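What's in input.pdb: PDB, C-alpha atoms
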```pdb
ATOM      1  CA  MET A  10     112.754 -64.044  76.347
ATOM      2  CA  THR A  11     111.728 -60.425  76.801
ATOM      3  CA  GLN A  12     114.643 -59.717  79.195
ATOM      4  CA  ASN A  13     117.108 -59.671  76.281
ATOM      5  CA  TYR A  14     114.761 -58.767  73.440
ATOM      6  CA  ASP A  15     112.325 -56.443  75.123
ATOM      7  CA  ASN A  16     111.719 -54.133  72.183
ATOM      8  CA  TRP A  17     110.819 -54.654  68.548
ATOM      9  CA  ASN A  18     113.943 -52.943  67.197
ATOM     10  CA  ASP A  19     116.137 -55.495  68.996
ATOM     11  CA  ALA A  20     114.008 -58.472  67.995
ATOM     12  CA  LYS A  21     112.895 -57.851  64.422
ATOM     13  CA  ALA A  22     116.179 -58.822  62.767
ATOM     14  CA  LEU A  23     116.165 -62.171  64.599
ATOM     15  CA  ILE A  24     112.577 -63.247  63.982
ATOM     16  CA  PHE A  25     112.027 -66.148  61.567
ATOM     17  CA  PRO A  26     109.174 -68.481  60.617
ATOM     18  CA  ARG A  27     109.307 -72.195  61.401
ATOM     19  CA  VAL A  28     106.961 -74.570  59.614
ATOM     20  CA  ASP A  29     105.581 -77.286  61.885
ATOM     21  CA  ARG A  30     102.563 -79.504  62.498
ATOM     22  CA  PRO A  31      99.431 -77.543  63.474
ATOM     23  CA  ASP A  32      99.315 -79.270  66.863
ATOM     24  CA  ALA A  33     102.923 -78.241  67.570
ATOM     25  CA  VAL A  34     102.592 -74.473  67.093
ATOM     26  CA  THR A  35     101.253 -71.934  69.563
ATOM     27  CA  SER A  36     100.325 -69.292  66.970
ATOM     28  CA  ASP A  37      97.254 -69.106  64.748
ATOM     29  CA  LEU A  38      99.463 -68.753  61.669
ATOM     30  CA  CYS A  39      99.427 -71.422  58.982
ATOM     31  CA  ILE A  40     100.267 -72.140  55.345
ATOM     32  CA  THR A  41      97.193 -74.325  55.027
ATOM     33  CA  PRO A  42      95.097 -75.866  57.842
ATOM     34  CA  GLU A  43      97.376 -78.923  57.585
ATOM     35  CA  LEU A  44     100.637 -77.002  58.079
ATOM     36  CA  GLY A  45     101.232 -74.467  60.847
ATOM     37  CA  VAL A  46     103.798 -71.698  61.224
ATOM     38  CA  GLU A  47     105.571 -70.799  64.471
ATOM     39  CA  LEU A  48     107.462 -67.539  64.889
ATOM     40  CA  VAL A  49     110.831 -67.876  66.611
ATOM     41  CA  LEU A  50     113.811 -65.782  67.572
ATOM     42  CA  ARG A  51     117.062 -67.211  66.259
ATOM     43  CA  THR A  52     119.642 -66.597  68.957
ATOM     44  CA  GLU A  53     123.135 -67.904  69.647
ATOM     45  CA  SER A  54     121.646 -70.341  72.162
ATOM     46  CA  GLY A  55     118.990 -71.649  69.759
ATOM     47  CA  GLU A  56     115.452 -70.894  68.623
ATOM     48  CA  ILE A  57     113.061 -69.259  71.101
ATOM     49  CA  PRO A  58     109.320 -69.494  70.304
ATOM     50  CA  ILE A  59     107.575 -66.119  70.303
ATOM     51  CA  ARG A  60     104.443 -65.962  72.448
ATOM     52  CA  GLY A  61     101.540 -63.582  72.174
ATOM     53  CA  SER A  62     102.697 -61.744  75.304
ATOM     54  CA  ALA A  63     105.936 -60.778  73.572
ATOM     55  CA  LEU A  64     104.051 -59.426  70.558
ATOM     56  CA  GLU A  65     101.888 -57.345  72.891
ATOM     57  CA  GLN A  66     104.948 -55.964  74.621
ATOM     58  CA  TRP A  67     106.503 -55.085  71.269
ATOM     59  CA  GLY A  68     103.256 -53.514  70.066
ATOM     60  CA  VAL A  69     103.290 -55.647  66.915
ATOM     61  CA  SER A  70     100.486 -57.753  65.442
ATOM     62  CA  ALA A  71     101.018 -61.425  64.615
ATOM     63  CA  MET A  72     100.588 -60.689  60.892
ATOM     64  CA  ASP A  73     103.167 -57.874  60.918
ATOM     65  CA  ALA A  74     105.584 -60.059  62.862
ATOM     66  CA  ALA A  75     105.038 -62.887  60.380
ATOM     67  CA  ALA A  76     105.674 -60.541  57.448
ATOM     68  CA  GLN A  77     108.961 -59.481  59.036
ATOM     69  CA  ALA A  78     109.881 -63.113  59.700
ATOM     70  CA  VAL A  79     109.276 -64.120  56.081
ATOM     71  CA  ALA A  80     111.233 -61.082  54.867
ATOM     72  CA  ASN A  81     114.167 -62.144  57.069
ATOM     73  CA  LEU A  82     113.980 -65.686  55.743
ATOM     74  CA  ARG A  83     113.882 -64.396  52.186
ATOM     75  CA  GLU A  84     117.164 -62.580  52.793
ATOM     76  CA  VAL A  85     118.983 -65.804  53.739
ATOM     77  CA  ALA A  86     116.873 -68.362  51.848
ATOM     78  CA  GLU A  87     119.658 -69.401  49.476
ATOM     79  CA  ASP A  88     122.419 -69.522  52.103
ATOM     80  CA  GLY A  89     123.828 -73.027  52.424
ATOM     81  CA  THR A  90     121.270 -74.570  50.074
ATOM     82  CA  ASP A  91     121.446 -76.641  46.921
ATOM     83  CA  TRP A  92     118.928 -78.403  44.687
ATOM     84  CA  LEU A  93     119.581 -82.136  44.305
ATOM     85  CA  GLU A  94     118.199 -84.305  41.531
ATOM     86  CA  VAL A  95     116.102 -87.307  42.537
ATOM     87  CA  PRO A  96     117.262 -90.551  40.881
ATOM     88  CA  SER A  97     114.722 -92.118  38.506
ATOM     89  CA  ALA A  98     112.394 -89.104  38.821
ATOM     90  CA  PRO A  99     113.799 -86.370  36.561
ATOM     91  CA  ALA A 100     111.045 -83.845  37.306
ATOM     92  CA  LEU A 101     111.672 -83.939  41.088
ATOM     93  CA  PHE A 102     114.194 -81.856  43.001
ATOM     94  CA  ALA A 103     115.096 -82.048  46.694
ATOM     95  CA  LEU A 104     116.344 -79.014  48.583
ATOM     96  CA  TYR A 105     119.422 -79.477  50.733
ATOM     97  CA  ALA A 106     119.643 -76.884  53.516
ATOM     98  CA  GLU A 107     122.767 -76.688  55.619
ATOM     99  CA  ASP A 108     120.831 -75.422  58.643
ATOM    100  CA  GLY A 109     118.491 -78.446  58.574
ATOM    101  CA  ASP A 110     115.326 -76.443  57.938
ATOM    102  CA  ALA A 111     114.457 -77.033  54.304
ATOM    103  CA  ALA A 112     110.712 -77.191  54.967
ATOM    104  CA  SER A 113     110.360 -73.607  56.207
ATOM    105  CA  ARG A 114     111.815 -72.382  52.935
ATOM    106  CA  MET A 115     108.569 -73.300  51.221
ATOM    107  CA  LEU A 116     107.415 -69.897  52.519
ATOM    108  CA  VAL A 117     109.892 -68.253  50.131
ATOM    109  CA  LEU A 118     109.820 -70.858  47.380
ATOM    110  CA  ASP A 119     109.647 -68.189  44.689
ATOM    111  CA  GLU A 120     113.045 -66.973  45.900
ATOM    112  CA  LEU A 121     114.598 -70.402  45.332
ATOM    113  CA  LEU A 122     113.197 -71.360  41.933
ATOM    114  CA  ASP A 123     111.299 -69.978  38.974
ATOM    115  CA  VAL A 124     107.704 -71.014  39.621
ATOM    116  CA  PRO A 125     106.060 -72.250  36.382
ATOM    117  CA  ILE A 126     102.709 -70.760  35.396
ATOM    118  CA  ALA A 127     101.062 -74.072  36.344
ATOM    119  CA  GLY A 128     102.632 -73.971  39.813
ATOM    120  CA  VAL A 129     104.618 -76.383  41.969
ATOM    121  CA  LEU A 130     103.741 -79.447  44.033
ATOM    122  CA  VAL A 131     105.694 -79.724  47.281
ATOM    123  CA  ALA A 132     106.319 -82.436  49.875
ATOM    124  CA  VAL A 133     107.708 -81.644  53.342
ATOM    125  CA  PRO A 134     107.681 -84.978  55.207
ATOM    126  CA  THR A 135     110.150 -83.660  57.811
ATOM    127  CA  ARG A 136     111.624 -80.272  58.696
ATOM    128  CA  ASN A 137     114.880 -81.062  56.913
ATOM    129  CA  GLN A 138     113.226 -82.276  53.714
ATOM    130  CA  MET A 139     111.513 -80.399  50.916
ATOM    131  CA  VAL A 140     110.941 -82.086  47.570
ATOM    132  CA  VAL A 141     109.359 -80.148  44.717
ATOM    133  CA  LEU A 142     107.700 -81.016  41.434
ATOM    134  CA  PRO A 143     107.627 -77.892  39.233
ATOM    135  CA  LEU A 144     104.767 -78.294  36.755
ATOM    136  CA  ALA A 145     106.459 -77.019  33.625
ATOM    137  CA  ASP A 146     105.076 -79.684  31.299
ATOM    138  CA  TYR A 147     102.216 -82.192  31.350
ATOM    139  CA  GLU A 148     104.752 -85.046  31.309
ATOM    140  CA  ASP A 149     106.126 -83.855  34.656
ATOM    141  CA  LEU A 150     103.038 -85.358  36.289
ATOM    142  CA  GLN A 151     104.482 -88.820  35.698
ATOM    143  CA  ASP A 152     106.604 -88.245  38.811
ATOM    144  CA  LEU A 153     103.643 -87.251  41.015
ATOM    145  CA  ALA A 154     103.182 -90.785  42.365
ATOM    146  CA  THR A 155     106.885 -90.932  43.282
ATOM    147  CA  LEU A 156     106.565 -87.625  45.135
ATOM    148  CA  ALA A 157     103.522 -88.809  47.094
ATOM    149  CA  LEU A 158     104.987 -92.203  47.975
ATOM    150  CA  GLY A 159     108.343 -90.691  48.914
ATOM    151  CA  ALA A 160     106.631 -88.260  51.292
ATOM    152  CA  GLN A 161     104.711 -91.091  52.941
ATOM    153  CA  LEU A 162     107.803 -93.254  53.396
ATOM    154  CA  ALA A 163     109.985 -90.410  54.673
ATOM    155  CA  ALA A 164     107.348 -89.312  57.182
ATOM    156  CA  ARG A 165     106.901 -92.875  58.417
ATOM    157  CA  ALA A 166     110.643 -93.277  58.890
ATOM    158  CA  SER A 167     110.945 -90.094  60.978
ATOM    159  CA  SER A 168     110.542 -89.943  64.744
ATOM    160  CA  ARG A 169     109.017 -86.483  64.275
ATOM    161  CA  PRO A 170     107.245 -86.324  60.910
ATOM    162  CA  LEU A 171     106.013 -83.012  59.576
ATOM    163  CA  SER A 172     103.375 -83.937  56.983
ATOM    164  CA  THR A 173     102.334 -86.829  54.770
ATOM    165  CA  GLN A 174     100.337 -84.510  52.512
ATOM    166  CA  LEU A 175     101.358 -82.681  49.348
ATOM    167  CA  PHE A 176     101.023 -78.919  48.945
ATOM    168  CA  TYR A 177     100.299 -76.944  45.794
ATOM    169  CA  PHE A 178     101.741 -73.455  45.209
ATOM    170  CA  ASP A 179     100.298 -71.422  42.338
ATOM    171  CA  GLY A 180     102.817 -68.609  42.675
ATOM    172  CA  SER A 181     100.917 -66.660  45.324
ATOM    173  CA  SER A 182      98.911 -69.028  47.556
ATOM    174  CA  TRP A 183      98.957 -72.573  48.922
ATOM    175  CA  THR A 184      96.423 -75.397  48.998
ATOM    176  CA  THR A 185      96.662 -78.962  50.294
ATOM    177  CA  LEU A 186      96.644 -81.935  47.978
ATOM    178  CA  HIS A 187      95.470 -84.678  50.326
ATOM    179  CA  VAL A 188      97.133 -88.078  50.107
ATOM    180  CA  LYS A 189      95.285 -91.098  51.425
ATOM    181  CA  ASP A 190      97.703 -93.794  52.517
ATOM    182  CA  GLU A 191      96.347 -97.330  52.670
ATOM    183  CA  PRO A 192      98.353-100.553  53.023
ATOM    184  CA  GLY A 193      99.825-101.257  49.605
ATOM    185  CA  GLU A 194      98.225 -98.210  47.992
ATOM    186  CA  THR A 195      98.726 -94.434  47.951
ATOM    187  CA  GLU A 196      95.754 -92.452  46.641
ATOM    188  CA  ILE A 197      96.020 -88.772  45.719
ATOM    189  CA  LEU A 198      92.709 -87.014  46.252
ATOM    190  CA  PRO A 199      91.590 -84.274  43.826
ATOM    191  CA  SER A 200      91.905 -80.635  44.877
ATOM    192  CA  PRO A 201      91.010 -77.264  43.308
ATOM    193  CA  GLY A 202      94.709 -76.400  43.149
ATOM    194  CA  LEU A 203      95.638 -79.511  41.211
ATOM    195  CA  ALA A 204      92.610 -79.146  38.942
ATOM    196  CA  ALA A 205      93.722 -75.621  38.042
ATOM    197  CA  ALA A 206      97.256 -76.882  37.383
ATOM    198  CA  LEU A 207      95.983 -79.637  35.103
ATOM    199  CA  GLU A 208      93.898 -77.142  33.127
ATOM    200  CA  THR A 209      96.924 -74.880  32.695
ATOM    201  CA  LEU A 210      99.164 -77.758  31.611
ATOM    202  CA  ALA A 211      96.530 -79.018  29.186
ATOM    203  CA  ALA A 212      96.214 -75.546  27.660
ATOM    204  CA  GLN A 213      99.994 -75.335  27.306
ATOM    205  CA  SER A 214     100.085 -78.723  25.593
ATOM    206  CA  LEU A 215      97.350 -77.736  23.139
ATOM    207  CA  ALA A 216      98.838 -74.353  22.281
ATOM    208  CA  PRO A 217     101.570 -75.657  19.886
ATOM    209  CA  MET A 218      99.068 -77.857  18.083
ATOM    210  CA  VAL A 219      96.658 -74.949  17.646
ATOM    211  CA  ALA A 220      99.509 -72.791  16.322
ATOM    212  CA  GLU A 221     100.419 -75.455  13.761
ATOM    213  CA  ALA A 222      96.807 -75.972  12.587
TER
END
```

For this file, produce the structure as C-alpha cells.
Amino acid sequence: MTQNYDNWNDAKALIFPRVDRPDAVTSDLCITPELGVELVLRTESGEIPIRGSALEQWGVSAMDAAAQAVANLREVAEDGTDWLEVPSAPALFALYAEDGDAASRMLVLDELLDVPIAGVLVAVPTRNQMVVLPLADYEDLQDLATLALGAQLAARASSRPLSTQLFYFDGSSWTTLHVKDEPGETEILPSPGLAAALETLAAQSLAPMVAEA
C-alpha cells in the first residue's frame, strides 16, 4: 500500500470510513461497541484497508485520519443515493446507495436528512442497507417493531450480515438499542438513548395541549 501512497498528501483525499462488524476491523475505531469502523483507501483497483504502520509512516493519528475519512465521505454522501419509502411503514425510509455502501453513510446521517430533535433510529443489517426511523412524532414509534423485525430478517438472509441491532442517533452521538431475537418473538431492550427520545417525544406531544389550556 505505501509504495503508491507513501505520504499523507497523496493518501488523504482517498481515505474513507467503512462500517463493519467489530470482529472484522483491524482498527480501534467504532460507532458503538457493537459496530466497528475500518479506514480504507479507495483506489481504482478497490478498497485497501489502512494499517497502523501506514498511519505511522504518514505521521497521522488514527483519530485525525478518521476525521479526514468522514470529511471525505461527507463530500460525496449524497452521490448516487435516494431515500425509498417502506411499504406499510410510512415512518420508515431506506437509503439506496449506488456504490453498495449505504451503512457507512450513517456516519454522515445529518448530511442526508434533517435529524429531528428526538433523534433517529437506524438499522444496518448489511453494508448495502440502511433503514431509518426519524422520530418526528410519537406516532412514528408504531413502526419501531417493523424496523427491528426487518433488520433481523435481512441480517439472517445475508451471507455476511452487519448487525441485528438498532442504533440511536441524537444528532451528535450514537448508542445501541439492543434487540433480543427469540424464535417467534423480537424484543427491543430499553436503552438510555431511546428513553431520552421518548421523553422528548412526550414533551412535544404535550406542548400543544399545554398551549391550548

_Quick check on the file I pasted: which residues fall under the PyMOL selection byres ((chain A and resi 176-184) around 6)? Write them as a list in words._
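On the file shown, the PyMOL selection byres ((chain A and resi 176-184) around 6) covers Gly128, Val129, Leu130, Val131, Leu175, Thr185 and Leu186 of chain A.
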
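For the set A:Gln161, A:Ser54, A:Gln151, A:Ser113, the residue with the smallest atom-to-atom gap to Ile40 (chain A) is A:Ser113, counting all atoms listed in the file.
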
*Separation of CA of Pro201 (chain A) and CA of Glu120 (chain A), in Å?*
24.5 Å

_Please enumerate the residues selected by the PyMOL selection byres ((chain A and resi 95-101) around 12) when evaluated against the supplied file, formatted as a VMD selection string._
chain A and resid 92 to 94 102 to 105 129 to 132 139 to 157 159

*So what does the PyMOL selection byres ((chain A and resi 32) around 12) actually pick up in this one, as a count of residues only?*
19

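Take the candidates A:Leu158, A:Leu198, A:Leu64, A:Ile59 and check each one against Trp17 (chain A) using all atoms listed in the file; the shortest distance goes to A:Leu64.
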
_For Ser167 (chain A): contacts at 12 Å, only C-alpha atoms, fewer than 3 positions along chain excluded, given as a ChimeraX atom specification_ = /A:133-138,160-164,170-173

*Å distance separating CA of Val85 (chain A) from CA of Arg169 (chain A), one decimal place*: 25.3 Å

_Distance criterion (all atoms listed in the file): nearest to Asp15 (chain A) out of A:Thr195, A:Trp67, A:Glu56, A:Gly61_ =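 Closest candidate: A:Trp67.
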
*How many Å separate CA of Arg83 (chain A) from CA of Ala63 (chain A)?*
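Spanning CA of Arg83 (chain A) to CA of Ala63 (chain A) is a straight-line distance of 23.1 Å.
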
*8 Å contact set for Ala74 (chain A), all atoms listed in the file, chain neighbours under 2 positions out, as a list in words*: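 With the cut-off at 8 Å, the set is Lys21, Ile24, Leu48, Leu64, Val69, Ser70, Ala71, Met72, Ala76, Gln77 and Ala78 of chain A.
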
Around all the atoms of region 54-61 of chain A listed in the file, draw an axis-aligned box and extend it by 5 Å on each of the six sides; I want its centre and edge lengths in Å to one decimal, as JSON.
```
{"center_x": 111.6, "center_y": -67.6, "center_z": 70.5, "size_x": 30.1, "size_y": 18.1, "size_z": 13.8}
```

*From the list A:Leu82, A:Lys189, A:Ala212, A:Tyr14, which residue is nearest Ala127 (chain A) when using only C-alpha atoms?*
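Among the listed residues, A:Ala212 lies closest to Ala127 (chain A).
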
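Across A:Asp119, A:Thr209, A:Pro125, A:Asn16, the tightest approach to Gly68 (chain A) is made by A:Asn16 when counting only C-alpha atoms.
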
*asked:* Between A:Thr90, A:Leu207, A:Ala80, A:Asp19, which residue has the minimum interatomic distance to Gly109 (chain A), considering only C-alpha atoms?
replied: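 The shortest atom-to-atom distance to Gly109 (chain A) comes from A:Thr90.
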